[in-house]
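Peer 1: Contents are compact mmCIF, C-alpha atoms and all ligand atoms; file name data.txt:
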# COMPACT_ATOMS: atom_id res chain seq x y z
CA MET A 21 0.00 0.00 0.00
CA ALA A 22 1.30 3.41 -0.93
CA ASP A 23 1.43 6.11 1.72
CA ARG A 24 0.50 9.75 1.12
CA SER A 25 3.83 10.46 -0.57
CA GLY A 26 3.03 7.71 -3.08
CA LEU A 27 5.72 5.42 -1.67
CA SER A 28 5.19 1.73 -0.91
CA THR A 29 7.23 -0.52 1.32
CA GLY A 30 8.90 -3.65 0.07
CA LEU A 31 11.61 -6.22 0.62
CA VAL A 32 14.46 -6.80 -1.83
CA VAL A 33 14.37 -10.53 -2.71
CA ALA A 34 16.85 -10.63 -5.60
CA THR A 35 19.38 -8.40 -7.30
CA PHE A 36 20.73 -8.31 -10.82
CA GLY A 37 23.28 -5.64 -11.51
CA ARG A 38 21.91 -2.35 -10.16
CA HIS A 39 18.32 -3.54 -10.46
CA VAL A 40 16.36 -5.30 -7.78
CA LEU A 41 13.28 -7.45 -7.39
CA VAL A 42 11.04 -5.99 -4.68
CA GLU A 43 8.35 -7.99 -2.89
CA SER A 44 5.39 -6.11 -1.46
CA PRO A 45 3.72 -7.18 1.79
CA ASP A 46 0.94 -8.79 -0.32
CA GLY A 47 3.53 -11.01 -2.03
CA GLN A 48 3.59 -9.23 -5.38
CA ARG A 49 7.02 -8.90 -6.91
CA ARG A 50 8.25 -6.32 -9.36
CA ILE A 51 11.47 -5.07 -10.82
CA CYS A 52 12.66 -1.76 -9.41
CA HIS A 53 15.41 0.46 -10.64
CA PRO A 54 17.63 2.65 -8.53
CA ARG A 55 16.89 6.37 -8.41
CA GLY A 56 19.98 8.11 -9.69
CA LYS A 57 23.32 7.08 -8.30
CA LYS A 58 22.16 6.65 -4.73
CA GLY A 59 23.31 3.65 -2.71
CA GLN A 60 22.75 0.18 -4.08
CA ALA A 61 19.99 -1.84 -2.45
CA VAL A 62 20.91 -5.43 -1.60
CA VAL A 63 18.93 -8.58 -0.79
CA GLY A 64 17.33 -8.22 2.64
CA ASP A 65 16.93 -4.46 2.35
CA ARG A 66 13.59 -2.92 3.26
CA VAL A 67 12.93 -0.18 0.75
CA GLN A 68 10.46 2.56 -0.09
CA TRP A 69 9.60 2.41 -3.76
CA ARG A 70 7.39 4.23 -6.22
CA PRO A 71 5.52 2.46 -9.04
CA SER A 72 6.06 3.53 -12.62
CA HIS A 73 4.19 1.50 -15.25
CA ASP A 74 4.56 -2.14 -14.18
CA GLU A 75 7.99 -1.60 -12.67
CA GLY A 76 9.21 0.80 -10.00
CA THR A 77 12.01 2.94 -8.62
CA VAL A 78 13.68 2.54 -5.26
CA GLU A 79 13.40 5.89 -3.53
CA ARG A 80 14.80 5.04 -0.12
CA ILE A 81 16.60 2.21 1.63
CA ASP A 82 15.54 1.82 5.27
CA ALA A 83 18.26 1.85 7.94
CA ARG A 84 20.07 -1.50 8.03
CA ARG A 85 20.71 -3.65 11.06
CA ASN A 86 23.81 -5.00 9.36
CA LEU A 87 25.45 -5.23 5.94
CA PHE A 88 27.62 -7.96 4.46
CA TYR A 89 30.20 -7.88 1.69
CA ARG A 90 31.31 -10.58 -0.67
CA GLN A 91 34.68 -10.75 -2.28
CA ASP A 92 36.24 -12.38 -5.31
CA GLU A 93 39.71 -11.94 -6.83
CA ILE A 94 38.81 -8.56 -8.24
CA ARG A 95 36.55 -6.74 -5.88
CA THR A 96 34.45 -6.42 -2.78
CA LYS A 97 30.75 -5.67 -3.00
CA SER A 98 27.88 -5.42 -0.56
CA PHE A 99 25.31 -8.14 -1.21
CA ALA A 100 23.07 -8.85 1.80
CA ALA A 101 21.61 -6.91 4.70
CA ASN A 102 19.55 -7.40 7.83
CA LEU A 103 20.60 -10.98 8.52
CA ASP A 104 19.86 -12.80 11.76
CA GLN A 105 22.24 -15.65 11.18
CA VAL A 106 24.94 -17.07 8.93
CA LEU A 107 24.94 -20.81 8.27
CA VAL A 108 28.31 -22.06 7.10
CA LEU A 109 27.76 -25.38 5.36
CA ILE A 110 30.89 -27.46 4.94
CA ALA A 111 31.32 -31.17 4.38
CA ALA A 112 33.52 -34.16 5.09
CA GLU A 113 34.40 -33.90 1.39
CA PRO A 114 35.63 -31.80 -0.30
CA GLU A 115 37.97 -30.78 2.51
CA PHE A 116 36.93 -27.38 3.84
CA SER A 117 39.15 -24.33 4.03
CA GLU A 118 39.78 -23.03 7.54
CA HIS A 119 40.62 -19.70 5.99
CA GLN A 120 37.15 -19.39 4.44
CA LEU A 121 35.51 -20.62 7.61
CA THR A 122 37.41 -18.08 9.71
CA ARG A 123 36.48 -15.24 7.35
CA ALA A 124 32.82 -16.16 7.71
CA LEU A 125 33.04 -16.29 11.49
CA ILE A 126 34.83 -12.92 11.61
CA ALA A 127 32.30 -11.27 9.28
CA ALA A 128 29.47 -12.50 11.48
CA GLU A 129 31.19 -11.52 14.74
CA ALA A 130 31.83 -8.05 13.37
CA GLU A 131 28.07 -7.62 12.92
CA LYS A 132 27.33 -9.28 16.27
CA ILE A 133 25.41 -12.17 14.80
CA THR A 134 25.89 -15.79 15.71
CA PRO A 135 27.20 -18.05 12.98
CA LEU A 136 26.23 -21.70 12.89
CA ILE A 137 28.49 -24.31 11.32
CA ALA A 138 26.94 -27.41 9.72
CA LEU A 139 29.14 -30.33 8.71
CA ASN A 140 27.53 -32.44 5.99
CA LYS A 141 28.17 -35.98 4.70
CA SER A 142 28.44 -37.78 8.04
CA ASP A 143 27.84 -40.95 6.01
CA LEU A 144 31.42 -40.67 4.73
CA VAL A 145 32.71 -41.98 8.02
CA GLU A 146 36.47 -41.49 7.89
CA PRO A 147 36.63 -38.11 6.17
CA PHE A 148 33.83 -36.98 8.45
CA GLU A 149 35.80 -37.90 11.56
CA ARG A 150 38.79 -36.02 10.21
CA ALA A 151 36.71 -32.94 9.46
CA TRP A 152 35.00 -33.16 12.85
CA ARG A 153 38.41 -33.19 14.55
CA ARG A 154 39.48 -30.15 12.54
CA LEU A 155 36.39 -28.40 13.89
CA GLN A 156 37.13 -29.19 17.52
CA PRO A 157 38.97 -25.91 18.15
CA TYR A 158 35.89 -24.10 16.83
CA GLN A 159 33.61 -26.01 19.17
CA HIS A 160 36.00 -25.13 21.96
CA MET A 161 35.57 -21.46 20.98
CA GLY A 162 31.84 -21.89 21.53
CA TYR A 163 30.59 -22.28 17.95
CA GLY A 164 27.79 -24.76 17.41
CA VAL A 165 28.57 -27.50 14.89
CA LEU A 166 25.60 -29.40 13.49
CA PRO A 167 26.35 -32.79 11.92
CA LEU A 168 24.27 -33.58 8.83
CA SER A 169 23.85 -36.21 6.20
CA LEU A 170 21.60 -34.53 3.70
CA ARG A 171 21.73 -37.65 1.58
CA LEU A 172 20.84 -40.25 4.24
CA SER A 173 18.91 -38.54 7.01
CA ARG A 174 16.81 -35.94 5.28
CA ASP A 175 13.94 -35.92 7.74
CA THR A 176 15.97 -35.66 10.93
CA ASP A 177 18.30 -33.12 9.31
CA HIS A 178 15.29 -31.11 8.23
CA GLU A 179 14.00 -31.03 11.80
CA HIS A 180 17.39 -30.15 13.32
CA LEU A 181 18.02 -27.41 10.79
CA MET A 182 14.58 -25.92 11.33
CA GLN A 183 15.20 -25.77 15.08
CA HIS A 184 18.04 -23.37 14.32
CA LEU A 185 16.50 -21.47 11.43
CA ARG A 186 12.87 -20.99 12.49
CA GLY A 187 11.80 -17.35 12.64
CA LYS A 188 15.12 -16.09 11.30
CA THR A 189 16.72 -14.80 8.13
CA THR A 190 19.77 -16.93 7.45
CA LEU A 191 22.45 -16.50 4.82
CA VAL A 192 23.67 -19.90 3.65
CA LEU A 193 27.32 -20.03 2.70
CA GLY A 194 29.06 -23.12 1.44
CA PRO A 195 31.97 -24.01 -0.79
CA SER A 196 31.11 -25.80 -4.01
CA GLY A 197 30.25 -29.45 -3.45
CA ALA A 198 29.39 -29.21 0.25
CA GLY A 199 25.68 -29.72 -0.45
CA LYS A 200 24.25 -26.22 -0.44
CA SER A 201 21.81 -26.89 -3.30
CA THR A 202 20.74 -30.12 -1.59
CA LEU A 203 20.10 -28.20 1.64
CA ILE A 204 18.15 -25.41 -0.01
CA ASN A 205 16.03 -27.85 -2.00
CA LEU A 206 15.30 -29.79 1.19
CA LEU A 207 14.15 -26.69 3.08
CA VAL A 208 12.57 -24.87 0.14
CA PRO A 209 11.19 -27.53 -2.22
CA GLN A 210 9.84 -24.79 -4.46
CA ALA A 211 13.24 -23.05 -4.67
CA GLN A 212 13.86 -24.01 -8.27
CA ALA A 213 10.42 -22.84 -9.26
CA GLN A 214 11.01 -19.54 -7.45
CA THR A 215 14.32 -19.06 -9.20
CA GLY A 216 12.67 -19.91 -12.51
CA GLU A 217 10.04 -17.25 -11.92
CA ILE A 218 12.68 -14.69 -11.12
CA SER A 219 14.65 -15.52 -14.27
CA LYS A 220 11.48 -15.23 -16.30
CA ALA A 221 10.68 -11.83 -14.81
CA LEU A 222 14.22 -10.74 -15.53
CA ASN A 223 14.40 -12.09 -19.04
CA SER A 224 11.21 -10.39 -20.00
CA GLY A 225 12.84 -7.23 -18.67
CA LYS A 226 16.00 -8.10 -20.61
CA HIS A 227 18.15 -8.20 -17.52
CA THR A 228 21.04 -10.48 -16.79
CA THR A 229 20.75 -13.45 -14.46
CA THR A 230 20.14 -12.95 -10.80
CA SER A 231 22.80 -13.51 -8.19
CA THR A 232 21.74 -13.35 -4.56
CA THR A 233 18.22 -14.67 -3.84
CA TRP A 234 15.86 -14.63 -0.86
CA TYR A 235 13.66 -17.72 -0.27
CA TRP A 236 10.71 -17.99 2.08
CA VAL A 237 10.81 -21.33 3.87
CA ASP A 238 7.26 -21.24 5.26
CA GLU A 239 3.97 -19.95 3.98
CA ALA A 240 3.56 -17.65 6.95
CA LYS A 241 6.81 -15.95 5.83
CA THR A 242 8.55 -16.03 9.17
CA THR A 243 11.62 -18.02 8.11
CA SER A 244 13.88 -17.23 5.19
CA LEU A 245 17.11 -18.29 3.55
CA ILE A 246 19.42 -16.23 1.40
CA ASP A 247 21.48 -18.02 -1.21
CA SER A 248 24.23 -16.37 -3.16
CA PRO A 249 25.51 -18.65 -5.94
CA GLY A 250 29.25 -18.77 -6.31
CA PHE A 251 29.68 -16.99 -3.00
CA GLN A 252 32.84 -18.25 -1.36
CA GLU A 253 34.27 -15.47 0.75
CA PHE A 254 33.12 -12.56 2.80
CA GLY A 255 34.80 -9.25 2.13
CA LEU A 256 36.42 -7.95 5.31
CA HIS A 257 37.93 -4.74 4.02
CA HIS A 258 35.57 -2.58 6.02
CA LEU A 259 37.37 -3.85 9.15
CA GLU A 260 40.51 -2.35 10.66
CA PRO A 261 43.37 -4.86 10.95
CA THR A 262 43.69 -3.93 14.61
CA ALA A 263 40.06 -5.00 15.18
CA LEU A 264 40.71 -8.53 13.92
CA ALA A 265 42.00 -10.12 17.12
CA SER A 266 38.92 -9.06 19.09
CA LEU A 267 36.73 -10.75 16.43
CA MET A 268 38.52 -14.09 16.82
CA ARG A 269 37.16 -15.93 19.83
CA ASP A 270 40.41 -17.78 20.55
CA LEU A 271 42.55 -14.64 20.46
CA ARG A 272 40.11 -12.41 22.31
CA PRO A 273 40.69 -13.76 25.85
CA HIS A 274 44.38 -12.86 25.59
CA LEU A 275 43.88 -9.25 24.61
CA GLY A 276 45.03 -6.64 27.08
CA GLN A 277 47.70 -8.97 28.45
CA CYS A 278 50.51 -8.15 26.02
CA LYS A 279 53.50 -6.05 27.05
CA PHE A 280 52.60 -3.31 24.56
CA TYR A 281 49.09 -1.88 24.65
CA ASN A 282 49.10 -1.54 20.85
CA CYS A 283 50.55 -5.02 20.22
CA THR A 284 49.72 -6.43 16.76
CA HIS A 285 50.50 -9.96 18.04
CA ARG A 286 52.82 -10.70 15.17
CA HIS A 287 56.36 -10.12 16.37
CA GLU A 288 56.31 -8.10 19.59
CA PRO A 289 58.12 -9.41 22.66
CA GLY A 290 55.89 -10.19 25.62
CA CYS A 291 52.88 -10.92 23.39
CA ALA A 292 50.21 -12.96 25.19
CA VAL A 293 48.80 -14.30 21.89
CA ILE A 294 52.17 -15.62 20.72
CA SER A 295 52.76 -17.12 24.14
CA ALA A 296 49.35 -18.90 24.03
CA LEU A 297 50.41 -20.45 20.71
CA ALA A 298 53.18 -22.32 22.46
CA HIS A 299 50.84 -23.71 25.15
CA ALA A 300 48.37 -26.09 23.54
CA GLU A 301 47.05 -27.12 26.95
CA ALA A 302 46.22 -23.54 27.97
CA GLU A 303 42.66 -22.65 28.92
CA HIS A 304 42.31 -20.60 25.73
CA PRO A 305 44.58 -22.31 23.20
CA ILE A 306 45.33 -20.88 19.78
CA THR A 307 46.19 -23.33 17.00
CA ALA A 308 49.02 -22.70 14.56
CA ASN A 309 46.47 -22.62 11.73
CA ARG A 310 44.30 -19.99 13.32
CA TYR A 311 47.32 -17.86 14.14
CA ARG A 312 48.56 -18.09 10.55
CA ILE A 313 45.13 -17.08 9.28
CA TYR A 314 45.18 -14.13 11.68
CA CYS A 315 48.53 -12.98 10.28
CA ASP A 316 47.37 -13.45 6.66
CA LEU A 317 44.20 -11.47 7.28
CA PHE A 318 46.10 -8.77 9.15
CA ASP A 319 48.33 -8.32 6.09
CA GLU A 320 45.37 -8.41 3.71
CA LEU A 321 43.49 -5.73 5.63
CA SER A 322 46.62 -3.59 5.89
CA GLU A 323 47.01 -3.39 2.11
CA PRO A 324 45.71 -0.24 0.47
CA GLN A 325 42.34 -0.59 -1.27
CA TRP A 326 41.78 0.57 -4.79
N1 LIG B 1 27.85 -38.69 0.63
C1 LIG B 1 27.05 -37.63 0.66
N2 LIG B 1 26.93 -36.86 -0.42
C2 LIG B 1 26.11 -35.79 -0.37
C3 LIG B 1 25.39 -35.46 0.81
N3 LIG B 1 24.69 -34.33 0.55
C4 LIG B 1 24.96 -33.98 -0.71
N4 LIG B 1 25.81 -34.86 -1.28
C5 LIG B 1 26.35 -34.87 -2.65
O1 LIG B 1 27.34 -33.87 -2.76
C6 LIG B 1 27.35 -33.33 -4.09
C7 LIG B 1 27.24 -31.82 -4.03
O2 LIG B 1 25.98 -31.47 -3.55
P1 LIG B 1 25.27 -30.14 -4.03
O3 LIG B 1 24.06 -29.95 -3.19
O4 LIG B 1 25.13 -30.10 -5.49
O5 LIG B 1 26.41 -29.15 -3.57
P2 LIG B 1 26.57 -27.59 -3.75
O6 LIG B 1 27.23 -27.16 -2.50
O7 LIG B 1 25.32 -26.95 -4.12
O8 LIG B 1 27.62 -27.56 -4.89
P3 LIG B 1 27.68 -26.63 -6.18
O9 LIG B 1 26.45 -26.99 -6.97
O10 LIG B 1 28.96 -27.03 -6.83
O11 LIG B 1 27.68 -25.24 -5.63
C8 LIG B 1 26.18 -33.98 -4.80
O12 LIG B 1 26.68 -35.04 -5.57
C9 LIG B 1 25.31 -34.48 -3.68
O13 LIG B 1 24.54 -35.60 -4.05
C10 LIG B 1 25.53 -36.30 1.94
O14 LIG B 1 24.97 -36.11 3.01
N5 LIG B 1 26.39 -37.36 1.81
ZN ZN B 2 50.21 -9.37 21.48
For the structure just supplied, provide its representation as structure tokens.

Peer 2:
Amino acid sequence: MADRSGLSTGLVVATFGRHVLVESPDGQRRICHPRGKKGQAVVGDRVQWRPSHDEGTVERIDARRNLFYRQDEIRTKSFAANLDQVLVLIAAEPEFSEHQLTRALIAAEAEKITPLIALNKSDLVEPFERAWRRLQPYQHMGYGVLPLSLRLSRDTDHEHLMQHLRGKTTLVLGPSGAGKSTLINLLVPQAQAQTGEISKALNSGKHTTTSTTWYWVDEAKTTSLIDSPGFQEFGLHHLEPTALASLMRDLRPHLGQCKFYNCTHRHEPGCAVISALAHAEAEHPITANRYRIYCDLFDELSEPQW
């Protein structure tokens, strides 16, 4: 419904280039174009839009609770907003990257939302045990790890997943081959149809294919998933390198205990983080892998941005 200024509210459910698909509270969807060069709306944005013919223009983007960036080799770009949760789906096979996992956890921590890790393919017993062991430090840090076998235990997995997802907007992130499509099709059986509809709407408008997409899981529209095909890594460039350690749950307990108040924890004498590295049995251990990832990210965030 339009207000007196002629503006209607809506939710951005897909994006394609600078154009967005906006869903009205009554469920109607239409393509909206940005007004001028103002900020780009992303999936999850609540917007004020104005109809023009059978399309519309986005006039305003409502204040965001949070904003997430994705990154590839070339650039960083905002792509999702107003999330409640990030679900990192990894699997026994292919072997997951701790670097990617850590980036996801840091991106979520920076926005004060709780990430959930799901480890798929528990039917592949040996690789699963290996992967589970690799995740032990993360469980120790307090992250929940949900074991799944989307192939063998669909019904129980469905129930367990829903216990975590119900009532929330969750971004699903997973490296290729972990089972992300399987998971989305399990939770949103009509996902392919929804995507088909979106492509149709876009093709008729001569737009390119959609990237990030919002799916309603339930008819009452209380639970939703966001899928972003090809999405592998969060962009972290909006973070200061000096903020990194406080966003890593294993490093955080050591902060404030280094000799230098502005310690970067990379080479300084009397560094509590470096000293924790040497003591695997400490109350808050730091693994060599996590420390290396910290150093890599510190360097990455210290590089100038173009
Ligand atoms: N063994 C086993 N295989 C599974 C399980 N879940 C999914 N797979 C298989 O893993 C492969 C990848 O699953 P997809 O759902 O296509 O994975 P994806 O993450 O969407 O991968 P991309 O399409 O490459 O992005 C498929 O061959 C699935 O059948 C599981 O629980 N156990
Ligand atoms: Zn230090």

Peer 1: When distances are computed from only C-alpha atoms, which of A:Ala111, A:Val32, A:Val165, A:Val40 shows the smallest separation from Val145 of chain A?

Peer 2: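 Smallest separation from Val145 of chain A among the options: A:Ala111.
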
Peer 1: Hey, what's within 12 Å of Gly47 of chain A if we count only C-alpha atoms and toss same-chain stuff fewer than 6 positions away? As number ranges by chain, please?

Peer 2: A: 21, 29-33, 41, 236, 239-241

Peer 1: Which chains and residue numbers are within 10 Å of ligand ZN 2 (chain B), counting only C-alpha atoms and all ligand atoms, if I want them as a list in words?

Peer 2: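 Using only C-alpha atoms and all ligand atoms, everything at most 10 Å from ligand ZN 2 (chain B) comes to Ala265, Leu271, His274, Leu275, Gly276, Gln277, Cys278, Lys279, Phe280, Tyr281, Asn282, Cys283, Thr284, His285, Arg286, His287, Glu288, Pro289, Gly290, Cys291, Ala292, Val293, Ile294, Ser295 and Ala296 of chain A.
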
Peer 1: Considering all atoms listed in the file, can you say which of A:Thr122, A:Gln212, A:Asn140, A:Ser201 comes closest to Asp270 of chain A?

Peer 2: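 Of all the options, A:Thr122 lies closest to Asp270 of chain A.
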
Peer 1: What is the distance, in Å and to one decimal place, between atom CA of Pro114 of chain A and atom CA of Gly194 of chain A?

Peer 2: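 Rounded to one decimal, the two atoms are 11.0 Å apart.
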
Peer 1: Find the nearest atom pair between each residue of chain A and ligand LIG 1 (chain B) for residues within 9 Å, count all atoms listed in the file, give distances in Å to one decimal, sort rows by chain and ascending number, and present the table as CSV.

Peer 2:
residue,atom,partner,partner_atom,distance
A:Leu109,CA,B:LIG1,O6,8.1
A:Ile110,CA,B:LIG1,O6,8.3
A:Ala111,CA,B:LIG1,C10,8.1
A:Ala112,CA,B:LIG1,N5,8.5
A:Glu113,CA,B:LIG1,N1,8.2
A:Pro114,CA,B:LIG1,O1,8.9
A:Asn140,CA,B:LIG1,O14,5.4
A:Lys141,CA,B:LIG1,O14,3.6
A:Ser142,CA,B:LIG1,O14,6.3
A:Asp143,CA,B:LIG1,N5,5.7
A:Leu144,CA,B:LIG1,N1,5.8
A:Leu168,CA,B:LIG1,O14,6.4
A:Ser169,CA,B:LIG1,O14,3.4
A:Leu170,CA,B:LIG1,O14,3.8
A:Arg171,CA,B:LIG1,O14,3.9
A:Leu172,CA,B:LIG1,O14,6.0
A:Ser173,CA,B:LIG1,O14,7.7
A:Arg174,CA,B:LIG1,O14,8.5
A:Leu193,CA,B:LIG1,O6,8.8
A:Gly194,CA,B:LIG1,O6,5.9
A:Pro195,CA,B:LIG1,O6,5.9
A:Ser196,CA,B:LIG1,O10,3.8
A:Gly197,CA,B:LIG1,O8,3.5
A:Ala198,CA,B:LIG1,O6,4.1
A:Gly199,CA,B:LIG1,O3,3.2
A:Lys200,CA,B:LIG1,O6,3.7
A:Ser201,CA,B:LIG1,O7,3.6
A:Thr202,CA,B:LIG1,O3,3.7
A:Leu203,CA,B:LIG1,O3,6.5
A:Ile204,CA,B:LIG1,O3,8.1
A:Asn205,CA,B:LIG1,O3,8.4
A:Pro249,CA,B:LIG1,O11,6.9
A:Gly250,CA,B:LIG1,O11,6.7
A:Phe251,CA,B:LIG1,O11,8.9

Peer 1: Which residue, A:Arg50, A:Glu115, A:Ala124, A:Pro71, has the smallest gap to Pro147 of chain A when you use all atoms listed in the file?

Peer 2: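 Between A:Arg50, A:Glu115, A:Ala124, A:Pro71, the residue approaching Pro147 of chain A most closely is A:Glu115.
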
Peer 1: To one decimal in Å, tell me the separation between atom CA of Gly187 of chain A and atom CA of Thr242 of chain A.

Peer 2: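 Interatomic distance here is 4.9 Å.
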
Peer 1: Counting all atoms listed in the file, give me one row per residue of segment 139-245 of chain A with an atom at most 12 Å from an atom of segment 81-96 of chain A, showing the shortest contact pair and its distance in Å to one decimal, sorted by chain then residue number, as a Markdown table.

Peer 2:
| residue | atom | partner | partner_atom | distance |
| --- | --- | --- | --- | --- |
| A:Leu191 | CA | A:Phe88 | CA | 10.0 |
| A:Leu193 | CA | A:Arg90 | CA | 10.8 |
| A:Ser231 | CA | A:Arg90 | CA | 11.7 |
| A:Thr232 | CA | A:Arg90 | CA | 10.7 |

Peer 1: If I take atom CA of Ile137 of chain A and atom CA of Asn102 of chain A, how far is one from the other in Å, to one decimal?

Peer 2: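 These two atoms are separated by 19.4 Å.
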
Peer 1: Please determine, counting all atoms listed in the file, which residue among A:Tyr235, A:Trp69, A:Phe116, A:Phe36 has the shortest atom-to-atom distance to Trp152 of chain A.

Peer 2: A:Phe116

Peer 1: Go through A:Val78, A:Leu125, A:Val192, A:Ala263 and flag the residue nearest Asp247 of chain A, using only C-alpha atoms for the distances.

Peer 2: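 Checking each candidate against Asp247 of chain A, we get A:Val192 as the closest.
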
Peer 1: Using only C-alpha atoms, find the one residue out of A:Val237, A:Tyr158, A:Pro135, A:Ser248 that sits nearest to Met182 of chain A.

Peer 2: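 Under the stated criterion, the closest residue is A:Val237.
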
Peer 1: Complete the atoms of segment 199-210 of chain A to N, CA and C atoms and put them out as an mmCIF file, in the coordinates of the input.

Peer 2:
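What ended up in result_1.cif:
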data_model
loop_
_atom_site.group_PDB
_atom_site.id
_atom_site.type_symbol
_atom_site.label_atom_id
_atom_site.label_comp_id
_atom_site.auth_asym_id
_atom_site.auth_seq_id
_atom_site.Cartn_x
_atom_site.Cartn_y
_atom_site.Cartn_z
ATOM 1 N N GLY A 199 27.077 -29.294 -0.527
ATOM 2 C CA GLY A 199 25.680 -29.720 -0.450
ATOM 3 C C GLY A 199 24.701 -28.577 -0.258
ATOM 4 N N LYS A 200 25.117 -27.386 -0.648
ATOM 5 C CA LYS A 200 24.250 -26.220 -0.440
ATOM 6 C C LYS A 200 22.957 -26.324 -1.240
ATOM 7 N N SER A 201 23.042 -26.760 -2.511
ATOM 8 C CA SER A 201 21.810 -26.890 -3.300
ATOM 9 C C SER A 201 20.911 -27.950 -2.684
ATOM 10 N N THR A 202 21.516 -29.051 -2.224
ATOM 11 C CA THR A 202 20.740 -30.120 -1.590
ATOM 12 C C THR A 202 20.001 -29.559 -0.371
ATOM 13 N N LEU A 203 20.700 -28.762 0.421
ATOM 14 C CA LEU A 203 20.100 -28.200 1.640
ATOM 15 C C LEU A 203 18.964 -27.235 1.287
ATOM 16 N N ILE A 204 19.190 -26.382 0.332
ATOM 17 C CA ILE A 204 18.150 -25.410 -0.010
ATOM 18 C C ILE A 204 16.940 -26.109 -0.608
ATOM 19 N N ASN A 205 17.169 -27.125 -1.431
ATOM 20 C CA ASN A 205 16.030 -27.850 -2.000
ATOM 21 C C ASN A 205 15.267 -28.654 -0.953
ATOM 22 N N LEU A 206 15.966 -29.083 0.095
ATOM 23 C CA LEU A 206 15.300 -29.790 1.190
ATOM 24 C C LEU A 206 14.390 -28.833 1.965
ATOM 25 N N LEU A 207 14.908 -27.638 2.252
ATOM 26 C CA LEU A 207 14.150 -26.690 3.080
ATOM 27 C C LEU A 207 13.146 -25.887 2.270
ATOM 28 N N VAL A 208 13.445 -25.680 0.998
ATOM 29 C CA VAL A 208 12.570 -24.870 0.140
ATOM 30 C C VAL A 208 12.313 -25.666 -1.135
ATOM 31 N N PRO A 209 11.396 -26.659 -1.057
ATOM 32 C CA PRO A 209 11.190 -27.530 -2.220
ATOM 33 C C PRO A 209 10.831 -26.744 -3.478
ATOM 34 N N GLN A 210 10.244 -25.578 -3.292
ATOM 35 C CA GLN A 210 9.840 -24.790 -4.460
ATOM 36 C C GLN A 210 10.934 -23.807 -4.894
#
